[in-house]
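Asks: Hey, dropping model_0.cif in here, mmCIF, C-alpha atoms and all ligand atoms:
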```cif
data_entry
#
loop_
_atom_site.group_PDB
_atom_site.id
_atom_site.type_symbol
_atom_site.label_atom_id
_atom_site.label_comp_id
_atom_site.auth_asym_id
_atom_site.auth_seq_id
_atom_site.Cartn_x
_atom_site.Cartn_y
_atom_site.Cartn_z
ATOM 1 C CA THR A 1 0.000 0.000 0.000
ATOM 2 C CA ASP A 2 0.908 3.688 -0.145
ATOM 3 C CA GLN A 3 1.554 3.720 3.583
ATOM 4 C CA ASP A 4 3.862 0.737 3.318
ATOM 5 C CA LEU A 5 5.778 2.534 0.593
ATOM 6 C CA ASP A 6 5.956 5.698 2.713
ATOM 7 C CA HIS A 7 7.555 3.656 5.446
ATOM 8 C CA CYS A 8 9.947 1.941 3.012
ATOM 9 C CA PHE A 9 10.974 5.336 1.655
ATOM 10 C CA ASP A 10 11.536 6.971 5.053
ATOM 11 C CA PHE A 11 13.426 3.991 6.383
ATOM 12 C CA ALA A 12 15.650 3.664 3.311
ATOM 13 C CA MET A 13 16.420 7.406 3.318
ATOM 14 C CA LYS A 14 17.517 7.321 6.939
ATOM 15 C CA LEU A 15 19.627 4.212 6.449
ATOM 16 C CA THR A 16 21.212 5.712 3.330
ATOM 17 C CA VAL A 17 22.249 8.885 5.132
ATOM 18 C CA GLU A 18 23.600 6.867 8.031
ATOM 19 C CA SER A 19 25.637 4.434 5.951
ATOM 20 C CA ALA A 20 26.912 7.255 3.731
ATOM 21 C CA LYS A 21 28.983 8.404 6.706
ATOM 22 C CA ILE A 22 31.266 5.470 5.904
ATOM 23 C CA ILE A 23 31.877 6.920 2.430
ATOM 24 C CA ARG A 24 32.366 10.476 3.671
ATOM 25 C CA GLU A 25 34.876 9.410 6.288
ATOM 26 C CA ALA A 26 36.784 7.019 4.021
ATOM 27 C CA ILE A 27 37.019 8.968 0.764
ATOM 28 C CA GLU A 28 40.180 10.904 1.622
ATOM 29 C CA GLY A 29 42.038 7.969 3.180
ATOM 30 C CA GLY A 30 43.752 4.793 1.964
ATOM 31 C CA LYS A 31 41.703 1.917 0.612
ATOM 32 C CA ASN A 32 42.209 -1.750 -0.166
ATOM 33 C CA ILE A 33 41.588 -1.843 -3.885
ATOM 34 C CA GLU A 34 40.710 -5.034 -5.753
ATOM 35 C CA THR A 35 39.633 -5.461 -9.366
ATOM 36 C CA LYS A 36 36.571 -7.395 -10.536
ATOM 37 C CA ALA A 37 35.807 -7.719 -14.264
ATOM 38 C CA GLY A 38 38.951 -5.769 -15.264
ATOM 39 C CA ASP A 39 41.295 -2.908 -14.356
ATOM 40 C CA TRP A 40 38.400 -0.486 -14.853
ATOM 41 C CA ASP A 41 36.147 -2.351 -12.382
ATOM 42 C CA LEU A 42 37.283 -1.586 -8.838
ATOM 43 C CA VAL A 43 35.972 -2.576 -5.442
ATOM 44 C CA THR A 44 37.156 -1.574 -1.967
ATOM 45 C CA GLN A 45 36.408 -2.814 1.519
ATOM 46 C CA TYR A 46 34.047 0.154 1.818
ATOM 47 C CA ASP A 47 31.773 -0.973 -1.046
ATOM 48 C CA LYS A 48 31.325 -4.255 0.782
ATOM 49 C CA ARG A 49 30.836 -2.636 4.169
ATOM 50 C CA VAL A 50 28.213 -0.137 2.967
ATOM 51 C CA GLU A 51 26.303 -2.893 1.158
ATOM 52 C CA GLU A 52 26.338 -5.040 4.278
ATOM 53 C CA VAL A 53 25.019 -2.218 6.462
ATOM 54 C CA LEU A 54 22.262 -1.439 3.945
ATOM 55 C CA ILE A 55 21.131 -5.017 3.358
ATOM 56 C CA THR A 56 21.296 -5.961 7.048
ATOM 57 C CA GLY A 57 19.269 -2.901 8.043
ATOM 58 C CA LEU A 58 16.644 -3.318 5.324
ATOM 59 C CA ALA A 59 16.325 -7.086 5.840
ATOM 60 C CA GLU A 60 15.712 -6.612 9.547
ATOM 61 C CA GLU A 61 12.960 -4.083 8.903
ATOM 62 C CA PHE A 62 11.484 -5.858 5.859
ATOM 63 C CA PRO A 63 12.119 -9.594 6.350
ATOM 64 C CA ASN A 64 10.075 -10.606 3.285
ATOM 65 C CA HIS A 65 11.825 -8.325 0.831
ATOM 66 C CA LYS A 66 14.442 -9.457 -1.668
ATOM 67 C CA PHE A 67 17.774 -7.902 -2.553
ATOM 68 C CA ILE A 68 19.911 -7.422 -5.621
ATOM 69 C CA GLY A 69 23.137 -5.810 -4.448
ATOM 70 C CA GLU A 70 26.218 -5.157 -6.563
ATOM 71 C CA GLU A 71 28.793 -6.735 -4.269
ATOM 72 C CA THR A 72 26.624 -9.685 -3.259
ATOM 73 C CA VAL A 73 25.936 -10.480 -6.924
ATOM 74 C CA SER A 74 29.623 -10.037 -7.826
ATOM 75 C CA SER A 75 30.876 -12.395 -5.146
ATOM 76 C CA ALA A 76 28.202 -15.014 -5.889
ATOM 77 C CA ASN A 77 28.734 -14.456 -9.621
ATOM 78 C CA TYR A 78 24.999 -14.824 -10.138
ATOM 79 C CA LEU A 79 22.425 -12.214 -11.103
ATOM 80 C CA PRO A 80 18.972 -13.215 -9.822
ATOM 81 C CA ALA A 81 15.917 -12.558 -11.986
ATOM 82 C CA LEU A 82 13.643 -9.703 -10.991
ATOM 83 C CA THR A 83 10.402 -11.088 -9.514
ATOM 84 C CA ASP A 84 7.121 -9.533 -8.391
ATOM 85 C CA ALA A 85 8.307 -9.566 -4.764
ATOM 86 C CA PRO A 86 9.398 -6.243 -3.260
ATOM 87 C CA THR A 87 13.067 -6.032 -4.235
ATOM 88 C CA TRP A 88 15.741 -3.553 -3.209
ATOM 89 C CA ILE A 89 18.314 -2.944 -5.929
ATOM 90 C CA ILE A 90 21.448 -1.542 -4.339
ATOM 91 C CA ASP A 91 24.740 -0.030 -5.413
ATOM 92 C CA PRO A 92 26.612 0.734 -2.177
ATOM 93 C CA ILE A 93 29.193 2.917 -3.922
ATOM 94 C CA ASP A 94 28.434 3.915 -7.484
ATOM 95 C CA GLY A 95 31.485 5.571 -8.949
ATOM 96 C CA THR A 96 33.989 3.421 -7.077
ATOM 97 C CA THR A 97 36.878 4.660 -9.214
ATOM 98 C CA ASN A 98 35.946 8.229 -8.297
ATOM 99 C CA PHE A 99 35.759 7.191 -4.646
ATOM 100 C CA VAL A 100 39.204 5.594 -4.866
ATOM 101 C CA HIS A 101 40.615 8.844 -6.259
ATOM 102 C CA ALA A 102 38.658 11.106 -3.894
ATOM 103 C CA PHE A 103 36.937 12.600 -6.969
ATOM 104 C CA PRO A 104 33.738 13.834 -5.349
ATOM 105 C CA HIS A 105 31.234 12.217 -7.756
ATOM 106 C CA THR A 106 30.308 9.111 -5.862
ATOM 107 C CA CYS A 107 27.038 7.975 -4.330
ATOM 108 C CA ILE A 108 24.818 5.337 -2.829
ATOM 109 C CA SER A 109 22.039 4.209 -5.176
ATOM 110 C CA ILE A 110 18.977 2.376 -3.843
ATOM 111 C CA ALA A 111 15.759 1.478 -5.628
ATOM 112 C CA LEU A 112 12.718 -0.527 -4.643
ATOM 113 C CA THR A 113 10.648 -2.463 -7.166
ATOM 114 C CA VAL A 114 7.246 -3.960 -6.417
ATOM 115 C CA LYS A 115 5.659 -6.228 -9.030
ATOM 116 C CA SER A 116 8.761 -5.491 -11.142
ATOM 117 C CA GLN A 117 7.901 -1.805 -11.225
ATOM 118 C CA LEU A 118 10.159 0.912 -9.828
ATOM 119 C CA GLU A 119 8.478 2.565 -6.832
ATOM 120 C CA ILE A 120 11.331 4.292 -4.996
ATOM 121 C CA GLY A 121 14.634 5.765 -6.146
ATOM 122 C CA ILE A 122 17.275 7.265 -3.865
ATOM 123 C CA VAL A 123 20.677 8.501 -5.044
ATOM 124 C CA TYR A 124 22.822 10.201 -2.413
ATOM 125 C CA ASN A 125 26.192 11.856 -2.884
ATOM 126 C CA PRO A 126 27.431 12.373 0.676
ATOM 127 C CA VAL A 127 30.494 14.345 -0.422
ATOM 128 C CA LEU A 128 28.564 17.115 -2.168
ATOM 129 C CA GLU A 129 25.481 16.502 -0.020
ATOM 130 C CA GLN A 130 23.128 15.905 -2.944
ATOM 131 C CA MET A 131 20.116 13.764 -2.116
ATOM 132 C CA PHE A 132 18.089 12.841 -5.216
ATOM 133 C CA THR A 133 14.796 11.076 -4.558
ATOM 134 C CA ALA A 134 11.715 9.905 -6.435
ATOM 135 C CA ARG A 135 8.527 7.967 -5.807
ATOM 136 C CA ARG A 136 6.482 6.668 -8.729
ATOM 137 C CA GLY A 137 3.858 9.251 -9.658
ATOM 138 C CA ARG A 138 5.106 11.830 -7.180
ATOM 139 C CA GLY A 139 7.902 13.689 -8.960
ATOM 140 C CA ALA A 140 11.645 13.884 -8.448
ATOM 141 C CA TYR A 141 13.548 15.958 -5.910
ATOM 142 C CA LEU A 142 17.008 17.228 -5.104
ATOM 143 C CA ASN A 143 17.402 17.926 -1.385
ATOM 144 C CA GLY A 144 13.633 18.181 -1.138
ATOM 145 C CA LYS A 145 13.214 20.641 -4.043
ATOM 146 C CA SER A 146 11.361 19.517 -7.164
ATOM 147 C CA ILE A 147 13.571 18.993 -10.250
ATOM 148 C CA LYS A 148 12.729 19.042 -13.975
ATOM 149 C CA SER A 149 14.736 17.682 -16.877
ATOM 150 C CA SER A 150 15.828 19.726 -19.903
ATOM 151 C CA SER A 151 13.390 20.614 -22.664
ATOM 152 C CA ILE A 152 16.148 21.032 -25.273
ATOM 153 C CA SER A 153 15.210 18.905 -28.250
ATOM 154 C CA GLU A 154 18.275 19.119 -30.513
ATOM 155 C CA LEU A 155 21.642 17.468 -30.025
ATOM 156 C CA LYS A 156 23.471 20.537 -31.279
ATOM 157 C CA SER A 157 22.361 22.408 -28.155
ATOM 158 C CA SER A 158 22.982 19.470 -25.819
ATOM 159 C CA LEU A 159 25.468 18.426 -23.214
ATOM 160 C CA ILE A 160 25.985 14.692 -23.713
ATOM 161 C CA CYS A 161 27.370 12.474 -20.959
ATOM 162 C CA ILE A 162 29.005 9.139 -21.718
ATOM 163 C CA GLU A 163 31.119 6.520 -20.001
ATOM 164 C CA ALA A 164 34.545 6.901 -21.609
ATOM 165 C CA SER A 165 36.311 4.248 -19.515
ATOM 166 C CA TYR A 166 34.728 1.454 -21.514
ATOM 167 C CA ALA A 167 37.075 2.327 -24.353
ATOM 168 C CA THR A 168 39.744 0.510 -22.335
ATOM 169 C CA ILE A 169 37.948 -2.808 -22.963
ATOM 170 C CA GLU A 170 39.368 -4.119 -26.196
ATOM 171 C CA GLU A 171 36.281 -5.914 -27.536
ATOM 172 C CA ILE A 172 34.079 -2.842 -27.387
ATOM 173 C CA ARG A 173 36.672 -0.087 -27.880
ATOM 174 C CA ASP A 174 35.778 0.663 -31.523
ATOM 175 C CA ILE A 175 32.070 0.915 -30.787
ATOM 176 C CA VAL A 176 32.590 3.198 -27.775
ATOM 177 C CA LEU A 177 35.030 5.477 -29.622
ATOM 178 C CA GLY A 178 32.854 5.508 -32.750
ATOM 179 C CA ARG A 179 29.885 6.736 -30.744
ATOM 180 C CA LEU A 180 32.065 9.243 -28.885
ATOM 181 C CA GLU A 181 33.269 10.660 -32.207
ATOM 182 C CA ALA A 182 29.674 11.003 -33.400
ATOM 183 C CA PHE A 183 28.625 12.773 -30.193
ATOM 184 C CA VAL A 184 31.633 15.119 -30.226
ATOM 185 C CA SER A 185 30.825 16.162 -33.765
ATOM 186 C CA VAL A 186 27.303 17.349 -32.905
ATOM 187 C CA ALA A 187 27.028 18.269 -29.217
ATOM 188 C CA HIS A 188 27.641 21.480 -27.274
ATOM 189 C CA GLY A 189 29.922 19.421 -25.078
ATOM 190 C CA ILE A 190 30.791 15.983 -23.739
ATOM 191 C CA ARG A 191 31.090 15.053 -20.068
ATOM 192 C CA THR A 192 32.149 11.792 -18.521
ATOM 193 C CA MET A 193 31.459 11.695 -14.795
ATOM 194 C CA GLY A 194 32.224 8.119 -13.742
ATOM 195 C CA SER A 195 28.981 7.419 -11.920
ATOM 196 C CA ALA A 196 26.007 6.217 -13.915
ATOM 197 C CA ALA A 197 23.562 6.811 -11.045
ATOM 198 C CA LEU A 198 24.651 10.408 -10.531
ATOM 199 C CA THR A 199 24.785 11.165 -14.221
ATOM 200 C CA LEU A 200 21.186 9.997 -14.612
ATOM 201 C CA CYS A 201 20.307 12.426 -11.814
ATOM 202 C CA TYR A 202 22.155 15.229 -13.611
ATOM 203 C CA VAL A 203 19.998 14.594 -16.667
ATOM 204 C CA ALA A 204 16.967 14.516 -14.343
ATOM 205 C CA MET A 205 17.836 17.959 -12.935
ATOM 206 C CA GLY A 206 18.409 19.431 -16.399
ATOM 207 C CA ALA A 207 22.187 19.843 -15.982
ATOM 208 C CA ALA A 208 22.760 17.645 -19.050
ATOM 209 C CA GLU A 209 20.492 16.617 -21.901
ATOM 210 C CA VAL A 210 21.679 13.070 -22.584
ATOM 211 C CA TYR A 211 23.465 10.176 -20.917
ATOM 212 C CA HIS A 212 24.515 7.146 -22.884
ATOM 213 C CA SER A 213 26.139 3.911 -21.838
ATOM 214 C CA ASP A 214 25.764 0.252 -22.649
ATOM 215 C CA ASN A 215 27.505 -2.268 -20.382
ATOM 216 C CA LEU A 216 25.782 -1.135 -17.205
ATOM 217 C CA MET A 217 24.189 -3.254 -14.494
ATOM 218 C CA PRO A 218 20.745 -2.957 -12.847
ATOM 219 C CA TRP A 219 22.089 -1.336 -9.651
ATOM 220 C CA ASP A 220 23.862 1.394 -11.669
ATOM 221 C CA VAL A 221 20.577 2.594 -13.146
ATOM 222 C CA ALA A 222 17.536 1.437 -11.143
ATOM 223 C CA ALA A 223 17.159 4.469 -8.862
ATOM 224 C CA GLY A 224 18.277 6.948 -11.527
ATOM 225 C CA ALA A 225 15.780 5.552 -14.038
ATOM 226 C CA LEU A 226 12.838 6.381 -11.776
ATOM 227 C CA ILE A 227 14.296 9.776 -10.850
ATOM 228 C CA ILE A 228 14.723 10.766 -14.489
ATOM 229 C CA ARG A 229 11.223 9.638 -15.462
ATOM 230 C CA GLU A 230 9.666 11.446 -12.515
ATOM 231 C CA ALA A 231 11.593 14.586 -13.513
ATOM 232 C CA GLY A 232 9.940 14.563 -16.943
ATOM 233 C CA GLY A 233 12.688 12.795 -18.869
ATOM 234 C CA ASP A 234 12.930 9.237 -20.065
ATOM 235 C CA ILE A 235 15.267 6.290 -20.316
ATOM 236 C CA ILE A 236 15.155 4.043 -23.360
ATOM 237 C CA ASP A 237 17.194 1.223 -24.825
ATOM 238 C CA THR A 238 20.113 2.252 -27.038
ATOM 239 C CA SER A 239 18.293 0.657 -29.987
ATOM 240 C CA GLY A 240 15.343 3.008 -29.432
ATOM 241 C CA GLY A 241 13.178 0.279 -27.885
ATOM 242 C CA ASP A 242 12.009 -0.157 -24.313
ATOM 243 C CA PHE A 243 14.517 0.099 -21.500
ATOM 244 C CA ASP A 244 15.244 -3.240 -19.799
ATOM 245 C CA LEU A 245 16.196 -2.740 -16.146
ATOM 246 C CA MET A 246 17.901 -6.124 -15.906
ATOM 247 C CA LYS A 247 19.919 -5.635 -19.141
ATOM 248 C CA PRO A 248 20.436 -1.924 -19.221
ATOM 249 C CA ARG A 249 21.662 -0.349 -22.447
ATOM 250 C CA VAL A 250 20.938 3.237 -21.764
ATOM 251 C CA LEU A 251 19.905 6.350 -23.579
ATOM 252 C CA ALA A 252 18.708 8.728 -20.883
ATOM 253 C CA ILE A 253 17.118 11.889 -22.201
ATOM 254 C CA GLY A 254 15.695 15.115 -20.851
ATOM 255 C CA ASN A 255 12.661 14.688 -23.063
ATOM 256 C CA ARG A 256 11.301 12.354 -25.741
ATOM 257 C CA LYS A 257 11.727 14.789 -28.643
ATOM 258 C CA ILE A 258 15.476 14.291 -28.717
ATOM 259 C CA ALA A 259 15.248 10.468 -28.950
ATOM 260 C CA PRO A 260 14.920 9.923 -32.725
ATOM 261 C CA GLU A 261 17.978 12.046 -33.583
ATOM 262 C CA LEU A 262 20.000 10.321 -30.892
ATOM 263 C CA VAL A 263 19.024 6.757 -31.819
ATOM 264 C CA LYS A 264 19.833 7.499 -35.461
ATOM 265 C CA LEU A 265 23.220 8.983 -34.596
ATOM 266 C CA VAL A 266 24.239 5.918 -32.554
ATOM 267 C CA HIS A 267 22.999 3.612 -35.292
ATOM 268 C CA LEU A 268 25.006 5.435 -37.983
ATOM 269 C CA ALA A 269 28.112 5.527 -35.783
ATOM 270 C CA ASP A 270 27.918 1.746 -35.246
ATOM 271 C CA LYS A 271 27.452 1.155 -38.967
ATOM 272 C CA LYS A 272 30.541 3.201 -39.741
ATOM 273 C CA THR A 273 32.530 1.280 -37.110
ATOM 274 C CA HIS A 274 31.476 -2.083 -38.542
ATOM 275 C CA ARG A 275 32.401 -0.965 -42.054
ATOM 276 C CA LYS A 276 35.926 -0.064 -40.885
ATOM 277 C CA ARG A 277 36.460 -3.489 -39.333
HETATM 278 C C1 LIG A 301 30.267 2.112 -12.037
HETATM 279 C C2 LIG A 301 29.355 3.056 -12.775
HETATM 280 C C3 LIG A 301 30.157 3.667 -13.865
HETATM 281 C C4 LIG A 301 30.269 2.573 -14.870
HETATM 282 C C5 LIG A 301 31.016 1.389 -14.275
HETATM 283 C C6 LIG A 301 30.520 0.960 -12.951
HETATM 284 P P1 LIG A 301 30.500 1.105 -9.613
HETATM 285 O O1 LIG A 301 29.653 1.632 -10.872
HETATM 286 O O2 LIG A 301 28.663 3.979 -12.128
HETATM 287 O O3 LIG A 301 29.500 4.784 -14.410
HETATM 288 O O4 LIG A 301 30.940 3.020 -15.991
HETATM 289 O O5 LIG A 301 30.856 0.303 -15.120
HETATM 290 O O6 LIG A 301 29.408 0.131 -13.030
HETATM 291 O O7 LIG A 301 31.146 -0.158 -10.061
HETATM 292 O O8 LIG A 301 31.488 2.155 -9.319
HETATM 293 O O9 LIG A 301 29.477 0.892 -8.604
#
```
What would you get if you wrote out this structure as structure tokens?

Replies:
Amino acid sequence: TDQDLDHCFDFAMKLTVESAKIIREAIEGGKNIETKAGDWDLVTQYDKRVEEVLITGLAEEFPNHKFIGEETVSSANYLPALTDAPTWIIDPIDGTTNFVHAFPHTCISIALTVKSQLEIGIVYNPVLEQMFTARRGRGAYLNGKSIKSSSISELKSSLICIEASYATIEEIRDIVLGRLEAFVSVAHGIRTMGSAALTLCYVAMGAAEVYHSDNLMPWDVAAGALIIREAGGDIIDTSGGDFDLMKPRVLAIGNRKIAPELVKLVHLADKKTHRKR
């Protein structure tokens, strides 16, 4: 019910703020850094600790709820399917590489789905004290103030955010650089912030028009997807089709009008890349 969701939201907010103290206190200090999928995929003891605090706290309060957490999934090497049960999708530290370098774009990202639908999204950057929140049907907020996404409908007036680090992965380098080249040639500017969750929130608040990345995971985007939609923007699949939370290939946009030009640009860039190969 609505009241249940109110309680879920309040509880998760409080727990997020509390566990974010770990990030704020640790960001300037030394960390134990391990790699996961590759040199670009880092994890520290703090990712694991924050996830443990979040899941323990939520599981105690909501014993019937399920969890999909980045570090739990990584260590089990198994991504569970999303079911109709209330499910918390958690990234304890999104932007781990930023965190490792004390680059202040790092956050906790928490979403709740019920019947496979996003109901709650919370993205909190404890370094810059930015708390982005959304409830389905109730708008999106930054530190309690309503936010709206950009109404710019042309790429030539857009700030486009991408994930440049994926160019270090050999198998997808050409595709990533091909798309980057296409974006550079049309946009006002390109930004690459190193946290998918926060970048989605920047599109939600109208600070950027577009965010694009394939190769993301559900916890990178779950909360941000709801926040952007509640702010008046949208998130679609890179092909132009429907966004799939469990296999996220992301075009996040301030508004729907910009989608056709964007989808076409990516498509043409990929075609050019394949021709070169
Ligand atoms: C990271 C993302 C980043 C993406 C990385 C990674 P993590 O999350 O936010 O934008 O490029 O693949 O998923 O691993 O720092 O939580």

Asks: Neighbouring residues of ligand LIG 301 (chain A) are defined here as those with any atom at most 7 Å from a ligand atom, counting all atoms listed in the file; list them as a VMD selection string.

Replies: chain A and resid 41 to 42 91 93 to 97 163 165 to 166 194 to 197 215 to 217 220

Asks: Near A:Ser239, counting only C-alpha atoms, which residues have an atom at most 12 Å away, once you skip same-chain residues fewer than 2 positions from it, shown as a PyMOL selection string?

Replies: chain A and resi 212-214+235-237+241-244+248-251+259-268+270

Asks: Please compute the atom CA of A:Ser116-atom CA of A:Asp84 distance, one decimal, in Å.

Replies: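 Separation of atom CA of A:Ser116 and atom CA of A:Asp84: 5.2 Å.
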
Asks: For the provided coordinates, the residues matched by the PyMOL selection byres (((chain A and resi 33) around 8) and not hetatm) should be stated as a list in words.

Replies: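 That selection, the PyMOL selection byres (((chain A and resi 33) around 8) and not hetatm), comes back as Lys31, Asn32, Glu34, Thr35, Leu42, Val43, Thr44, Gln45 and Val100 of chain A.
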
Asks: Write the residues of the selection above to a file with C-alpha atoms, as a PDB file, in the frame of the given file.

Replies:
```pdb
ATOM      1  CA  LYS A  31      41.703   1.917   0.612  1.00  0.00           C
ATOM      2  CA  ASN A  32      42.209  -1.750  -0.166  1.00  0.00           C
ATOM      3  CA  GLU A  34      40.710  -5.034  -5.753  1.00  0.00           C
ATOM      4  CA  THR A  35      39.633  -5.461  -9.366  1.00  0.00           C
ATOM      5  CA  LEU A  42      37.283  -1.586  -8.838  1.00  0.00           C
ATOM      6  CA  VAL A  43      35.972  -2.576  -5.442  1.00  0.00           C
ATOM      7  CA  THR A  44      37.156  -1.574  -1.967  1.00  0.00           C
ATOM      8  CA  GLN A  45      36.408  -2.814   1.519  1.00  0.00           C
ATOM      9  CA  VAL A 100      39.204   5.594  -4.866  1.00  0.00           C
TER      10      VAL A 100
END
```

Asks: Using all atoms listed in the file, which of the listed residues (A:Glu230, A:Gly29, A:Trp219, A:Pro86) sits closest to A:Thr72?

Replies: A:Trp219

Asks: Got a sec to resolve the PyMOL selection byres (((chain A and resi 272) around 12) and not hetatm) on this structure and send the residues as a list in words?

Replies: Asp174, Ile175, Leu177, Gly178, Arg179, Glu181, Ala182, Leu265, Val266, His267, Leu268, Ala269, Asp270, Lys271, Thr273, His274, Arg275, Lys276 and Arg277 of chain A

Asks: Please write the residues picked by the PyMOL selection byres (((chain A and resi 108) around 10) and not hetatm) on this file as an NGL selection string.

Replies: :A and (16-17 or 19-20 or 23 or 47 or 50-51 or 54 or 90-95 or 106-107 or 109-110 or 122-126 or 131 or 197-198 or 219-220 or 223)

Asks: Pick out the closest residue to A:Ile68 from this set: A:Val127, A:Met246, A:Met205, A:Ile227. Count only C-alpha atoms.

Replies: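 Under the stated criterion, the closest residue is A:Met246.
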
Asks: Pull stretch 135-152 of chain A out of the block and emit N, CA and C atoms, as a PDB file, in the first residue's frame.

Replies:
```pdb
ATOM      1  N   ARG A 135       9.541   9.009  -6.007  1.00  0.00           N
ATOM      2  CA  ARG A 135       8.527   7.967  -5.807  1.00  0.00           C
ATOM      3  C   ARG A 135       7.697   7.942  -7.082  1.00  0.00           C
ATOM      4  N   ARG A 136       7.274   6.755  -7.494  1.00  0.00           N
ATOM      5  CA  ARG A 136       6.482   6.668  -8.729  1.00  0.00           C
ATOM      6  C   ARG A 136       5.220   7.532  -8.616  1.00  0.00           C
ATOM      7  N   GLY A 137       5.053   8.398  -9.610  1.00  0.00           N
ATOM      8  CA  GLY A 137       3.858   9.251  -9.658  1.00  0.00           C
ATOM      9  C   GLY A 137       3.928  10.496  -8.789  1.00  0.00           C
ATOM     10  N   ARG A 138       5.041  10.700  -8.115  1.00  0.00           N
ATOM     11  CA  ARG A 138       5.106  11.830  -7.180  1.00  0.00           C
ATOM     12  C   ARG A 138       6.231  12.818  -7.450  1.00  0.00           C
ATOM     13  N   GLY A 139       6.871  12.710  -8.618  1.00  0.00           N
ATOM     14  CA  GLY A 139       7.902  13.689  -8.960  1.00  0.00           C
ATOM     15  C   GLY A 139       9.276  13.321  -8.423  1.00  0.00           C
ATOM     16  N   ALA A 140      10.255  14.121  -8.839  1.00  0.00           N
ATOM     17  CA  ALA A 140      11.645  13.884  -8.448  1.00  0.00           C
ATOM     18  C   ALA A 140      12.169  15.117  -7.730  1.00  0.00           C
ATOM     19  N   TYR A 141      13.083  14.882  -6.792  1.00  0.00           N
ATOM     20  CA  TYR A 141      13.548  15.958  -5.910  1.00  0.00           C
ATOM     21  C   TYR A 141      15.050  15.914  -5.708  1.00  0.00           C
ATOM     22  N   LEU A 142      15.622  17.107  -5.555  1.00  0.00           N
ATOM     23  CA  LEU A 142      17.008  17.228  -5.104  1.00  0.00           C
ATOM     24  C   LEU A 142      16.988  17.994  -3.787  1.00  0.00           C
ATOM     25  N   ASN A 143      17.448  17.344  -2.737  1.00  0.00           N
ATOM     26  CA  ASN A 143      17.402  17.926  -1.385  1.00  0.00           C
ATOM     27  C   ASN A 143      16.028  18.514  -1.075  1.00  0.00           C
ATOM     28  N   GLY A 144      14.995  17.784  -1.474  1.00  0.00           N
ATOM     29  CA  GLY A 144      13.633  18.181  -1.138  1.00  0.00           C
ATOM     30  C   GLY A 144      13.001  19.172  -2.111  1.00  0.00           C
ATOM     31  N   LYS A 145      13.787  19.694  -3.065  1.00  0.00           N
ATOM     32  CA  LYS A 145      13.214  20.641  -4.043  1.00  0.00           C
ATOM     33  C   LYS A 145      12.947  19.923  -5.361  1.00  0.00           C
ATOM     34  N   SER A 146      11.769  20.185  -5.926  1.00  0.00           N
ATOM     35  CA  SER A 146      11.361  19.517  -7.164  1.00  0.00           C
ATOM     36  C   SER A 146      12.361  19.806  -8.310  1.00  0.00           C
ATOM     37  N   ILE A 147      12.683  18.781  -9.097  1.00  0.00           N
ATOM     38  CA  ILE A 147      13.571  18.993 -10.250  1.00  0.00           C
ATOM     39  C   ILE A 147      12.864  18.629 -11.557  1.00  0.00           C
ATOM     40  N   LYS A 148      13.291  19.284 -12.645  1.00  0.00           N
ATOM     41  CA  LYS A 148      12.729  19.042 -13.975  1.00  0.00           C
ATOM     42  C   LYS A 148      13.874  18.843 -14.947  1.00  0.00           C
ATOM     43  N   SER A 149      13.687  17.917 -15.891  1.00  0.00           N
ATOM     44  CA  SER A 149      14.736  17.682 -16.877  1.00  0.00           C
ATOM     45  C   SER A 149      14.666  18.726 -17.986  1.00  0.00           C
ATOM     46  N   SER A 150      15.685  18.719 -18.836  1.00  0.00           N
ATOM     47  CA  SER A 150      15.828  19.726 -19.903  1.00  0.00           C
ATOM     48  C   SER A 150      14.758  19.566 -20.981  1.00  0.00           C
ATOM     49  N   SER A 151      14.347  20.692 -21.556  1.00  0.00           N
ATOM     50  CA  SER A 151      13.390  20.614 -22.664  1.00  0.00           C
ATOM     51  C   SER A 151      14.086  20.795 -24.014  1.00  0.00           C
ATOM     52  N   ILE A 152      15.404  20.886 -24.012  1.00  0.00           N
ATOM     53  CA  ILE A 152      16.148  21.032 -25.273  1.00  0.00           C
ATOM     54  C   ILE A 152      15.923  19.793 -26.143  1.00  0.00           C
TER      55      ILE A 152
END
```
